>>> print(open('final-v1.txt').read())   # compact mmCIF, C-alpha atoms (C1' of nucleotides)
# COMPACT_ATOMS: atom_id res chain seq x y z
CA MET A 572 2.32 4.49 10.80
CA ASN A 573 1.92 7.69 12.78
CA ARG A 574 0.30 9.74 10.10
CA THR A 575 -1.70 12.71 11.29
CA VAL A 576 -4.32 14.65 9.42
CA SER A 577 -1.92 17.46 8.67
CA ASP A 578 0.38 15.01 6.91
CA MET A 579 -2.22 13.76 4.50
CA ALA A 580 -5.24 15.92 3.91
CA TYR A 581 -6.11 13.82 0.89
CA SER A 582 -5.57 10.23 -0.12
CA LEU A 583 -2.62 9.16 -2.25
CA LEU A 584 -5.01 8.42 -5.08
CA SER A 585 -6.36 11.96 -4.89
CA TYR A 586 -2.90 13.45 -5.11
CA ALA A 587 -1.97 11.21 -7.99
CA LEU A 588 -5.09 12.28 -9.86
CA LEU A 589 -4.39 15.92 -9.05
CA GLY A 590 -0.83 15.58 -10.29
CA LEU A 591 -1.87 13.91 -13.52
CA ILE A 592 -4.58 16.50 -14.21
CA GLN A 593 -2.06 19.24 -13.55
CA GLN A 594 0.28 17.78 -16.13
CA LYS A 595 -2.47 17.64 -18.69
CA PRO A 596 -6.26 18.10 -18.44
CA ALA A 597 -7.93 14.73 -18.62
CA SER A 598 -11.19 12.88 -18.22
CA GLY A 599 -11.86 10.22 -15.63
CA TYR A 600 -11.52 7.63 -18.31
CA ASP A 601 -8.14 8.95 -19.39
CA LEU A 602 -6.93 8.78 -15.81
CA ARG A 603 -8.13 5.24 -15.41
CA LYS A 604 -6.15 4.24 -18.45
CA VAL A 605 -3.01 5.73 -16.96
CA PHE A 606 -3.37 3.44 -13.98
CA THR A 607 -4.16 0.36 -16.01
CA GLU A 608 -1.66 0.83 -18.79
CA THR A 609 1.42 2.56 -17.43
CA PRO A 610 3.92 0.95 -15.08
CA LEU A 611 4.00 3.84 -12.66
CA ALA A 612 1.04 3.78 -10.35
CA SER A 613 0.20 0.74 -8.36
CA LEU A 614 -2.97 2.64 -7.60
CA SER A 615 -6.49 1.49 -8.18
CA ASP A 616 -7.86 1.76 -11.67
CA SER A 617 -11.41 0.89 -10.67
CA PRO A 618 -14.17 3.35 -11.46
CA GLY A 619 -15.49 2.92 -7.94
CA ALA A 620 -12.29 4.48 -6.65
CA ILE A 621 -11.56 7.07 -9.30
CA TYR A 622 -14.92 8.73 -9.93
CA PRO A 623 -15.71 9.33 -6.26
CA ALA A 624 -12.17 10.67 -5.76
CA LEU A 625 -12.63 13.06 -8.69
CA ARG A 626 -15.97 14.20 -7.32
CA ARG A 627 -14.31 15.00 -4.00
CA LEU A 628 -11.59 16.98 -5.76
CA GLU A 629 -14.27 18.90 -7.59
CA GLU A 630 -16.31 19.52 -4.45
CA ARG A 631 -13.23 20.90 -2.77
CA LYS A 632 -12.56 23.12 -5.77
CA LEU A 633 -9.16 21.65 -6.56
CA VAL A 634 -10.27 20.76 -10.07
CA THR A 635 -13.02 21.96 -12.36
CA GLY A 636 -14.74 19.92 -15.00
CA ILE A 637 -16.15 21.04 -18.29
CA VAL A 638 -18.44 18.67 -20.07
CA GLU A 639 -17.28 18.21 -23.63
CA GLY A 640 -20.46 16.69 -24.84
CA SER A 641 -21.06 16.73 -28.53
CA GLY A 642 -24.67 15.73 -28.04
CA LEU A 643 -24.62 12.66 -25.88
CA ARG A 644 -21.47 10.62 -25.31
CA GLN A 645 -20.19 13.19 -22.86
CA ARG A 646 -16.66 13.50 -21.57
CA LYS A 647 -15.89 15.62 -18.57
CA MET A 648 -12.47 17.18 -18.99
CA LEU A 649 -10.90 18.12 -15.69
CA ARG A 650 -8.28 20.77 -15.10
CA VAL A 651 -6.68 22.01 -11.88
CA THR A 652 -7.68 25.27 -10.29
CA ALA A 653 -5.21 27.66 -8.68
CA ALA A 654 -6.14 26.15 -5.33
CA GLY A 655 -5.55 22.68 -6.74
CA CYS A 656 -2.13 23.59 -8.02
CA ASP A 657 -1.34 25.05 -4.64
CA GLU A 658 -2.50 21.94 -2.80
CA LEU A 659 -0.36 19.79 -5.08
CA LYS A 660 2.63 22.00 -4.46
CA GLN A 661 2.12 21.74 -0.70
CA TRP A 662 2.13 17.98 -0.96
CA LEU A 663 5.24 17.88 -3.11
CA LYS A 664 7.08 20.28 -0.82
CA LYS A 665 6.45 18.32 2.36
CA PRO A 666 9.82 17.74 4.02
CA LEU A 667 10.71 14.09 3.85
CA ALA A 668 10.80 12.30 7.16
CA GLN A 669 12.90 9.29 8.00
CA SER A 670 9.70 7.30 8.42
CA ASP A 671 8.82 8.05 4.79
CA ILE A 672 12.02 6.36 3.74
CA ALA A 673 11.41 3.40 6.01
CA HIS A 674 7.78 2.81 5.10
CA ARG A 675 6.55 4.93 2.24
CA LEU A 676 9.10 4.78 -0.56
CA GLU A 677 6.40 4.42 -3.17
CA GLU A 678 4.73 7.60 -2.06
CA LEU A 679 8.05 9.44 -2.23
CA MET A 680 8.65 8.30 -5.78
CA LEU A 681 5.12 9.18 -6.78
CA ARG A 682 5.68 12.66 -5.42
CA PHE A 683 9.01 12.99 -7.16
CA ALA A 684 7.49 12.00 -10.49
CA PHE A 685 5.32 15.13 -10.31
CA PHE A 686 8.07 17.61 -9.50
CA ASP A 687 8.58 18.78 -13.09
CA ASN A 688 6.99 22.17 -13.79
CA VAL A 689 5.71 22.46 -10.22
CA LEU A 690 8.76 22.70 -8.03
CA GLY A 691 11.90 24.52 -9.08
CA GLU A 692 15.39 23.20 -9.49
CA GLU A 693 16.40 24.10 -5.99
CA SER A 694 13.56 22.22 -4.28
CA THR A 695 14.15 19.22 -6.49
CA LEU A 696 17.82 19.00 -5.66
CA GLN A 697 16.99 19.54 -2.02
CA PHE A 698 14.61 16.62 -2.14
CA LEU A 699 17.17 14.34 -3.75
CA CYS A 700 19.87 15.31 -1.27
CA ALA A 701 17.52 14.78 1.66
CA PHE A 702 16.60 11.41 0.22
CA GLU A 703 20.24 10.47 -0.12
CA ALA A 704 20.96 11.56 3.44
CA GLY A 705 17.99 9.59 4.73
CA LEU A 706 19.12 6.47 2.89
CA LYS A 707 22.58 6.80 4.35
CA ILE A 708 21.02 6.70 7.79
CA HIS A 709 18.53 3.95 7.05
CA ILE A 710 20.77 1.45 5.30
CA PRO A 711 23.29 0.99 8.13
CA HIS A 712 20.36 0.60 10.48
CA LEU A 713 18.96 -2.21 8.34
CA ARG A 714 22.40 -3.79 8.01
CA LYS A 715 22.69 -3.76 11.77
CA CYS A 716 19.37 -5.60 12.07
CA LEU A 717 20.59 -8.12 9.56
CA ASN A 718 23.87 -8.69 11.37
CA GLN A 719 22.25 -8.91 14.77
CA ASP A 720 19.18 -10.99 14.03
CA GLY A 721 20.16 -12.60 10.75
CA PRO A 722 21.96 -15.60 12.24
CA LYS A 723 18.96 -16.31 14.46
CA MET A 724 16.43 -16.03 11.65
CA ALA A 725 15.12 -18.78 9.43
CA LEU A 726 16.41 -18.71 5.88
CA CYS A 727 13.46 -17.26 4.00
CA ALA A 728 12.88 -14.59 6.59
CA ARG A 729 16.53 -13.62 6.43
CA LEU A 730 16.50 -13.57 2.65
CA ALA A 731 13.43 -11.32 2.73
CA LEU A 732 15.29 -8.94 4.99
CA GLU A 733 18.31 -9.03 2.69
CA ASN A 734 15.93 -8.22 -0.13
CA GLY A 735 14.97 -5.06 1.69
CA VAL A 736 18.58 -4.05 2.22
CA LEU A 737 19.48 -4.62 -1.41
CA GLY A 738 16.46 -2.63 -2.46
CA TYR A 739 17.56 0.35 -0.41
CA GLU A 740 21.08 0.09 -1.73
CA ALA A 741 19.67 0.23 -5.24
CA GLN A 742 17.80 3.36 -4.21
CA LEU A 743 21.06 4.88 -3.07
CA LYS A 744 22.67 4.17 -6.41
CA TRP A 745 19.68 5.67 -8.15
CA VAL A 746 19.74 8.84 -6.12
CA SER A 747 23.33 9.64 -6.91
CA HIS A 748 22.60 9.03 -10.57
CA ALA A 749 19.52 11.25 -10.30
CA ILE A 750 21.44 14.07 -8.63
CA HIS A 751 24.05 13.86 -11.35
CA SER A 752 21.42 13.94 -14.12
CA TYR A 753 19.64 16.81 -12.54
CA LYS A 754 22.73 18.92 -12.02
CA LYS A 755 23.69 18.38 -15.62
CA LYS A 756 20.32 19.65 -16.74
CA VAL A 757 20.55 22.71 -14.49
CA LYS A 758 23.90 23.65 -16.00
CA GLN A 759 22.54 23.38 -19.51
CA SER A 760 19.71 25.79 -18.81
CA MET B 950 -5.96 -3.99 -9.56
CA ASN B 951 -8.15 -6.87 -10.59
CA ARG B 952 -8.23 -8.66 -7.32
CA THR B 953 -11.16 -10.97 -6.78
CA VAL B 954 -12.47 -12.39 -3.56
CA SER B 955 -10.84 -15.73 -4.18
CA ASP B 956 -7.47 -14.03 -4.42
CA MET B 957 -7.65 -12.40 -1.03
CA ALA B 958 -10.09 -13.80 1.45
CA TYR B 959 -8.38 -11.83 4.21
CA SER B 960 -6.49 -8.58 4.38
CA LEU B 961 -2.71 -8.41 4.15
CA LEU B 962 -2.59 -7.37 7.77
CA SER B 963 -4.58 -10.47 8.75
CA TYR B 964 -2.19 -12.76 6.92
CA ALA B 965 0.81 -11.05 8.42
CA LEU B 966 -0.66 -11.50 11.89
CA LEU B 967 -1.49 -15.12 11.13
CA GLY B 968 2.05 -15.72 9.90
CA LEU B 969 3.64 -14.15 12.92
CA ILE B 970 1.41 -16.06 15.32
CA GLN B 971 2.24 -19.26 13.50
CA GLN B 972 5.95 -18.62 13.97
CA LYS B 973 5.48 -18.04 17.64
CA PRO B 974 2.36 -17.58 19.80
CA ALA B 975 2.01 -13.93 20.70
CA SER B 976 -0.26 -11.35 22.24
CA GLY B 977 -1.72 -8.38 20.41
CA TYR B 978 0.80 -6.20 22.10
CA ASP B 979 3.71 -8.37 20.97
CA LEU B 980 2.46 -8.20 17.40
CA ARG B 981 2.13 -4.44 17.54
CA LYS B 982 5.73 -4.19 18.63
CA VAL B 983 6.83 -6.23 15.65
CA PHE B 984 5.25 -3.68 13.36
CA THR B 985 6.66 -0.67 15.19
CA GLU B 986 10.13 -1.95 15.87
CA THR B 987 11.21 -4.24 13.06
CA PRO B 988 12.01 -3.07 9.55
CA LEU B 989 9.92 -5.71 7.84
CA ALA B 990 6.28 -4.76 7.83
CA SER B 991 5.15 -1.46 6.54
CA LEU B 992 1.85 -2.48 8.04
CA SER B 993 -0.17 -0.60 10.56
CA ASP B 994 0.87 -0.81 14.17
CA SER B 995 -2.21 0.95 15.48
CA PRO B 996 -4.39 -0.85 18.00
CA GLY B 997 -7.43 0.18 16.03
CA ALA B 998 -6.20 -1.98 13.17
CA ILE B 999 -4.64 -4.89 15.02
CA TYR B 1000 -7.17 -5.75 17.68
CA PRO B 1001 -10.16 -5.82 15.33
CA ALA B 1002 -8.11 -7.92 12.89
CA LEU B 1003 -7.23 -10.36 15.65
CA ARG B 1004 -10.85 -10.56 16.73
CA ARG B 1005 -11.83 -11.44 13.17
CA LEU B 1006 -9.18 -14.15 13.04
CA GLU B 1007 -10.53 -15.55 16.29
CA GLU B 1008 -14.15 -15.38 15.12
CA ARG B 1009 -13.19 -17.29 12.03
CA LYS B 1010 -11.36 -19.86 14.16
CA LEU B 1011 -7.98 -19.31 12.56
CA VAL B 1012 -6.44 -18.48 15.92
CA THR B 1013 -7.39 -19.20 19.51
CA GLY B 1014 -6.58 -17.04 22.47
CA ILE B 1015 -5.87 -18.08 26.02
CA VAL B 1016 -5.92 -15.38 28.63
CA GLU B 1017 -2.73 -15.52 30.65
CA GLY B 1018 -3.97 -13.39 33.48
CA SER B 1019 -2.11 -13.63 36.73
CA GLY B 1020 -4.92 -11.80 38.52
CA LEU B 1021 -5.49 -8.65 36.55
CA ARG B 1022 -3.05 -7.42 33.91
CA GLN B 1023 -4.24 -9.95 31.43
CA ARG B 1024 -2.46 -10.96 28.28
CA LYS B 1025 -4.22 -12.91 25.64
CA MET B 1026 -1.76 -15.26 23.98
CA LEU B 1027 -2.83 -16.26 20.52
CA ARG B 1028 -1.87 -19.39 18.65
CA VAL B 1029 -2.93 -20.70 15.25
CA THR B 1030 -5.45 -23.49 14.87
CA ALA B 1031 -5.14 -26.24 12.30
CA ALA B 1032 -7.54 -24.27 10.11
CA GLY B 1033 -5.39 -21.17 10.57
CA CYS B 1034 -2.25 -22.98 9.55
CA ASP B 1035 -4.08 -24.27 6.53
CA GLU B 1036 -5.34 -20.84 5.54
CA LEU B 1037 -1.82 -19.46 5.86
CA LYS B 1038 -0.47 -22.25 3.71
CA GLN B 1039 -3.10 -21.57 1.06
CA TRP B 1040 -2.04 -17.93 0.94
CA LEU B 1041 1.65 -18.76 0.71
CA LYS B 1042 1.06 -21.34 -2.00
CA LYS B 1043 -0.90 -19.02 -4.29
CA PRO B 1044 0.76 -19.13 -7.71
CA LEU B 1045 2.40 -15.83 -8.41
CA ALA B 1046 0.85 -13.83 -11.22
CA GLN B 1047 2.63 -11.35 -13.41
CA SER B 1048 0.44 -8.61 -11.94
CA ASP B 1049 1.83 -9.45 -8.49
CA ILE B 1050 5.28 -8.65 -9.77
CA ALA B 1051 4.13 -5.46 -11.41
CA HIS B 1052 2.09 -4.10 -8.52
CA ARG B 1053 2.44 -6.12 -5.35
CA LEU B 1054 6.10 -6.81 -4.72
CA GLU B 1055 5.75 -6.03 -1.05
CA GLU B 1056 3.06 -8.61 -0.64
CA LEU B 1057 5.23 -11.19 -2.39
CA MET B 1058 8.13 -10.52 -0.06
CA LEU B 1059 5.87 -10.64 2.96
CA ARG B 1060 4.63 -14.02 1.82
CA PHE B 1061 8.13 -15.27 1.18
CA ALA B 1062 9.27 -14.23 4.64
CA PHE B 1063 6.79 -16.74 6.10
CA PHE B 1064 7.77 -19.72 3.97
CA ASP B 1065 10.09 -21.26 6.57
CA ASN B 1066 8.50 -24.22 8.39
CA VAL B 1067 5.28 -23.90 6.40
CA LEU B 1068 6.19 -24.69 2.82
CA GLY B 1069 8.77 -27.26 1.88
CA GLU B 1070 11.95 -26.84 -0.06
CA GLU B 1071 10.36 -27.66 -3.36
CA SER B 1072 7.62 -25.04 -3.12
CA THR B 1073 10.12 -22.46 -1.98
CA LEU B 1074 12.43 -23.04 -4.91
CA GLN B 1075 9.45 -23.07 -7.21
CA PHE B 1076 8.41 -19.67 -5.89
CA LEU B 1077 11.87 -18.22 -6.38
CA CYS B 1078 12.15 -19.58 -9.90
CA ALA B 1079 8.72 -18.27 -10.83
CA PHE B 1080 9.70 -14.92 -9.39
CA GLU B 1081 12.88 -14.89 -11.44
CA ALA B 1082 10.98 -15.81 -14.59
CA GLY B 1083 8.41 -13.10 -13.93
CA LEU B 1084 11.11 -10.50 -13.44
CA LYS B 1085 12.77 -11.51 -16.69
CA ILE B 1086 9.50 -10.76 -18.44
CA HIS B 1087 8.72 -7.58 -16.56
CA ILE B 1088 12.09 -5.82 -16.77
CA PRO B 1089 12.34 -5.75 -20.57
CA HIS B 1090 8.79 -4.48 -20.65
CA LEU B 1091 9.70 -1.61 -18.35
CA ARG B 1092 12.87 -0.92 -20.32
CA LYS B 1093 10.78 -0.71 -23.44
CA CYS B 1094 8.53 1.88 -21.81
CA LEU B 1095 11.59 3.82 -20.79
CA ASN B 1096 13.09 3.76 -24.25
CA GLN B 1097 9.82 4.64 -25.96
CA ASP B 1098 8.44 7.30 -23.67
CA GLY B 1099 11.59 8.36 -21.83
CA PRO B 1100 12.74 10.96 -24.33
CA LYS B 1101 9.28 12.54 -24.31
CA MET B 1102 9.02 12.63 -20.53
CA ALA B 1103 10.04 15.42 -18.20
CA LEU B 1104 13.18 14.77 -16.20
CA CYS B 1105 11.76 13.90 -12.79
CA ALA B 1106 9.10 11.66 -14.26
CA ARG B 1107 11.73 9.84 -16.29
CA LEU B 1108 14.00 9.49 -13.29
CA ALA B 1109 11.12 8.05 -11.29
CA LEU B 1110 10.57 5.49 -14.02
CA GLU B 1111 14.28 4.68 -14.06
CA ASN B 1112 14.03 4.23 -10.32
CA GLY B 1113 11.46 1.53 -10.91
CA VAL B 1114 13.62 -0.25 -13.44
CA LEU B 1115 16.66 -0.21 -11.20
CA GLY B 1116 14.54 -1.51 -8.35
CA TYR B 1117 13.42 -4.49 -10.39
CA GLU B 1118 16.95 -5.17 -11.54
CA ALA B 1119 18.00 -5.26 -7.91
CA GLN B 1120 15.23 -7.77 -7.32
CA LEU B 1121 16.63 -9.91 -10.09
CA LYS B 1122 20.07 -9.88 -8.50
CA TRP B 1123 18.50 -10.77 -5.18
CA VAL B 1124 16.56 -13.69 -6.54
CA SER B 1125 19.57 -15.38 -8.07
CA HIS B 1126 21.40 -14.91 -4.78
CA ALA B 1127 18.40 -16.31 -2.94
CA ILE B 1128 18.16 -19.36 -5.19
CA HIS B 1129 21.85 -19.98 -4.67
CA SER B 1130 21.56 -19.67 -0.88
CA TYR B 1131 18.55 -21.90 -0.80
CA LYS B 1132 20.08 -24.63 -2.91
CA LYS B 1133 23.14 -24.62 -0.71
CA LYS B 1134 20.97 -25.14 2.32
CA VAL B 1135 19.06 -27.97 0.68
CA LYS B 1136 22.28 -29.80 -0.11
CA GLN B 1137 23.47 -29.50 3.47
CA SER B 1138 20.34 -31.12 4.86
C1' DA C 299 -27.11 -8.07 -35.10
C1' DG C 300 -23.90 -8.33 -31.81
C1' DC C 301 -19.47 -7.58 -29.65
C1' DG C 302 -16.16 -4.67 -27.68
C1' DC C 303 -14.80 -0.22 -26.39
C1' DC C 304 -15.94 4.55 -24.67
C1' DA C 305 -17.55 6.93 -20.57
C1' DT C 306 -19.59 7.67 -16.21
C1' DG C 307 -21.44 6.46 -12.40
C1' DT C 308 -23.87 4.06 -7.77
C1' DA C 309 -24.55 0.78 -3.58
C1' DA C 310 -23.07 -2.47 -0.13
C1' DT C 311 -19.46 -3.83 2.38
C1' DG C 312 -15.12 -4.14 4.87
C1' DC C 313 -11.26 -2.36 6.76
C1' DG C 314 -7.67 0.93 8.23
C1' DT C 315 -7.10 5.55 10.51
C1' DT C 316 -7.61 8.65 14.16
C1' DA C 317 -8.66 9.63 18.47
C1' DC C 318 -10.20 8.41 22.77
C1' DA C 319 -10.53 5.43 26.93
C1' DT C 320 -9.20 2.41 30.81
C1' DG C 321 -6.43 0.49 34.21
C1' DA C 322 -2.25 -2.20 35.92
C1' DT C 323 2.72 -2.33 36.56
C1' DT C 324 7.53 -0.82 36.59
C1' DA C 325 11.08 2.60 36.84
C1' DT C 326 12.83 7.18 38.59
C1' DA D 744 4.60 10.31 43.31
C1' DT D 745 4.36 10.38 38.71
C1' DA D 746 5.80 9.26 34.34
C1' DA D 747 6.50 5.64 31.10
C1' DT D 748 5.33 1.26 29.64
C1' DC D 749 2.24 -2.82 29.48
C1' DA D 750 -2.11 -4.30 27.53
C1' DT D 751 -6.52 -4.13 25.42
C1' DG D 752 -9.98 -2.18 23.52
C1' DT D 753 -14.11 1.13 21.15
C1' DA D 754 -16.41 4.71 18.02
C1' DA D 755 -16.66 7.84 14.12
C1' DC D 756 -15.08 8.43 9.84
C1' DG D 757 -13.26 8.07 5.15
C1' DC D 758 -12.02 5.56 1.48
C1' DA D 759 -11.00 1.53 -1.55
C1' DT D 760 -13.06 -2.78 -3.26
C1' DT D 761 -16.46 -5.30 -5.63
C1' DA D 762 -20.10 -5.70 -8.33
C1' DC D 763 -23.69 -3.80 -10.80
C1' DA D 764 -25.85 -0.42 -14.05
C1' DT D 765 -26.53 2.52 -18.10
C1' DG D 766 -26.11 3.95 -22.75
C1' DG D 767 -23.63 5.64 -27.05
C1' DC D 768 -20.42 4.48 -30.60
C1' DG D 769 -17.70 1.77 -34.16
C1' DC D 770 -16.65 -2.29 -36.42
C1' DT D 771 -17.67 -6.63 -38.82
>>> encode(input="final-v1.txt", output="structure tokens")
Amino acid sequence: MNRTVSDMAYSLLSYALLGLIQQKPASGYDLRKVFTETPLASLSDSPGAIYPALRRLEERKLVTGIVEGSGLRQRKMLRVTAAGCDELKQWLKKPLAQSDIAHRLEELMLRFAFFDNVLGEESTLQFLCAFEAGLKIHIPHLRKCLNQDGPKMALCARLALENGVLGYEAQLKWVSHAIHSYKKKVKQS
Amino acid sequence: MNRTVSDMAYSLLSYALLGLIQQKPASGYDLRKVFTETPLASLSDSPGAIYPALRRLEERKLVTGIVEGSGLRQRKMLRVTAAGCDELKQWLKKPLAQSDIAHRLEELMLRFAFFDNVLGEESTLQFLCAFEAGLKIHIPHLRKCLNQDGPKMALCARLALENGVLGYEAQLKWVSHAIHSYKKKVKQS
DNA sequence: AGCGCCATGTAATGCGTTACATGATTAT
DNA sequence: ATAATCATGTAACGCATTACATGGCGCT
């Protein structure tokens, strides 16, 4: 997977939590519900994952928590610090590598979902165009694999590979739709 | 993610290795190359993941290794045992849950890619039909989210959600193509 | 009175990541 | 000769998983 420390200072879960808290201050319980109830996020909703991750974010001063305890029954509301917002922005701005397209599509989409109000219009369009360009390189490569090895492969294996190709082609359709939507919005503002 | 021990006795990587070894006896190095060079498998190709995983498979008697050492420069060729083949079959035969469709599509496709020569035609078609049925439940659910929350969401977040929906719709197209291909093959034999 | 939800955690365990290490063989 | 590839590992580390634990609150 060739991922070095500089690529990922924090875990995906941490970034997702950071992004959600940035959108709207929330408690650990709120965040858990996002992962259990909403379709986005195939991330862990278990308290054993979330609370330690939040503690780490707090230790590293990316978020701060204020206990909203009316008596007992306390709720710790978390909000991002300036450093946290900066760290999030760094993550979102990471240039997208071809290997991200080949192996980490979910991470790319998770990042993109947090672009609003953090990255500007220019960066967003840049991301989408880079994504489109990457897909246009990756898809022919996959098709070549399919044409070369497909006839030799057993049926299910070949169908699974075709599934991958069709998935990427759907991504390509999406990205041109996304670019169109985004440009329309830019013009309106 | 609600995954209990009975759901996943071994890691995804372990099953992928087991499946590949079942297809064709291989050395650790061969298996690494599969993960670095072929498009299928977003799994780790690092020796620190693969060799320990192979050792565990050997300890648990799911594979056996014979050292093919012409002098030095040894190569340990691994092949599945009867127990290993059985364990693989158990994994492949697991009934697919709705949560698999919502959160673990990659795992489903990985499983499907190993169906050839392990599961029969009936199980394979059953899997595809269950997958299709699951998608037909999941897609309207996602669409509903999009229609309800979409207007309230910021643009990138909404586009990311749309990306998910389009992805699942591509899956639905694929599955009907796959069922068609598979039925054609069954008739021929 | 008891059940389910709110709300936050901890402990043991297993596994993947990263980085390091070793040595043989083939190509240039 | 020396770089790249073959081939297999180990050690420290971080993090997710699983299961367990605690207690208040609201409803019936």
>>> closest_atom_pairs(input="final-v1.txt", of="chain B", to="chain D", cutoff="8 Å", atoms="only C-alpha atoms (C1' of nucleotides)", output="JSON lines")
{"residue": "B:Thr953", "atom": "CA", "partner": "D:DT761", "partner_atom": "C1'", "distance": 7.8}
{"residue": "B:Tyr978", "atom": "CA", "partner": "D:DA750", "partner_atom": "C1'", "distance": 6.4}
{"residue": "B:Pro996", "atom": "CA", "partner": "D:DG752", "partner_atom": "C1'", "distance": 8.0}
{"residue": "B:Tyr1000", "atom": "CA", "partner": "D:DG752", "partner_atom": "C1'", "distance": 7.4}
{"residue": "B:Arg1022", "atom": "CA", "partner": "D:DA750", "partner_atom": "C1'", "distance": 7.2}
{"residue": "B:Gln1023", "atom": "CA", "partner": "D:DA750", "partner_atom": "C1'", "distance": 7.2}
{"residue": "B:Arg1024", "atom": "CA", "partner": "D:DA750", "partner_atom": "C1'", "distance": 6.7}
>>> residues_near_point(input="final-v1.txt", point="(1.2, -1.2, -24.2)", cutoff="12 Å", atoms="all atoms listed in the file", output="ChimeraX atom specification")
/A:604-605,607-610 /B:1090-1091,1093-1094,1097-1098
>>> interface_residues(input="final-v1.txt", of="chain B", to="chain A", cutoff="7 Å", atoms="only C-alpha atoms", output="list in words")
Met950, Leu989, Ser991, Ser993, Asp994, His1052, Met1058, Phe1061, Ala1062, Phe1063, Phe1064, Asp1065, Ala1103, Leu1104, Cys1105, Ala1106, Leu1108, Ala1109, Leu1110, Asn1112, Leu1115, Gly1116, Ala1119, Trp1123 and Ala1127 of chain B
>>> interface_residues(input="final-v1.txt", of="chain C", to="chain A", cutoff="10 Å", atoms="only C-alpha atoms (C1' of nucleotides)", output="MDAnalysis selection string")
chainID C and resid 304:308 315:316
>>> write_last_selection(input="final-v1.txt", atoms="C-alpha atoms (C1' of nucleotides)", output="PDB file, in the coordinates of the input")
ATOM      1  C1'  DC C 304     -15.940   4.550 -24.670  1.00  0.00           C
ATOM      2  C1'  DA C 305     -17.550   6.930 -20.570  1.00  0.00           C
ATOM      3  C1'  DT C 306     -19.590   7.670 -16.210  1.00  0.00           C
ATOM      4  C1'  DG C 307     -21.440   6.460 -12.400  1.00  0.00           C
ATOM      5  C1'  DT C 308     -23.870   4.060  -7.770  1.00  0.00           C
ATOM      6  C1'  DT C 315      -7.100   5.550  10.510  1.00  0.00           C
ATOM      7  C1'  DT C 316      -7.610   8.650  14.160  1.00  0.00           C
TER       8       DT C 316
END
>>> atom_distance(input="final-v1.txt", atom1="CA of Leu1074 (chain B)", atom2="CA of Lys1038 (chain B)")
15.5 Å
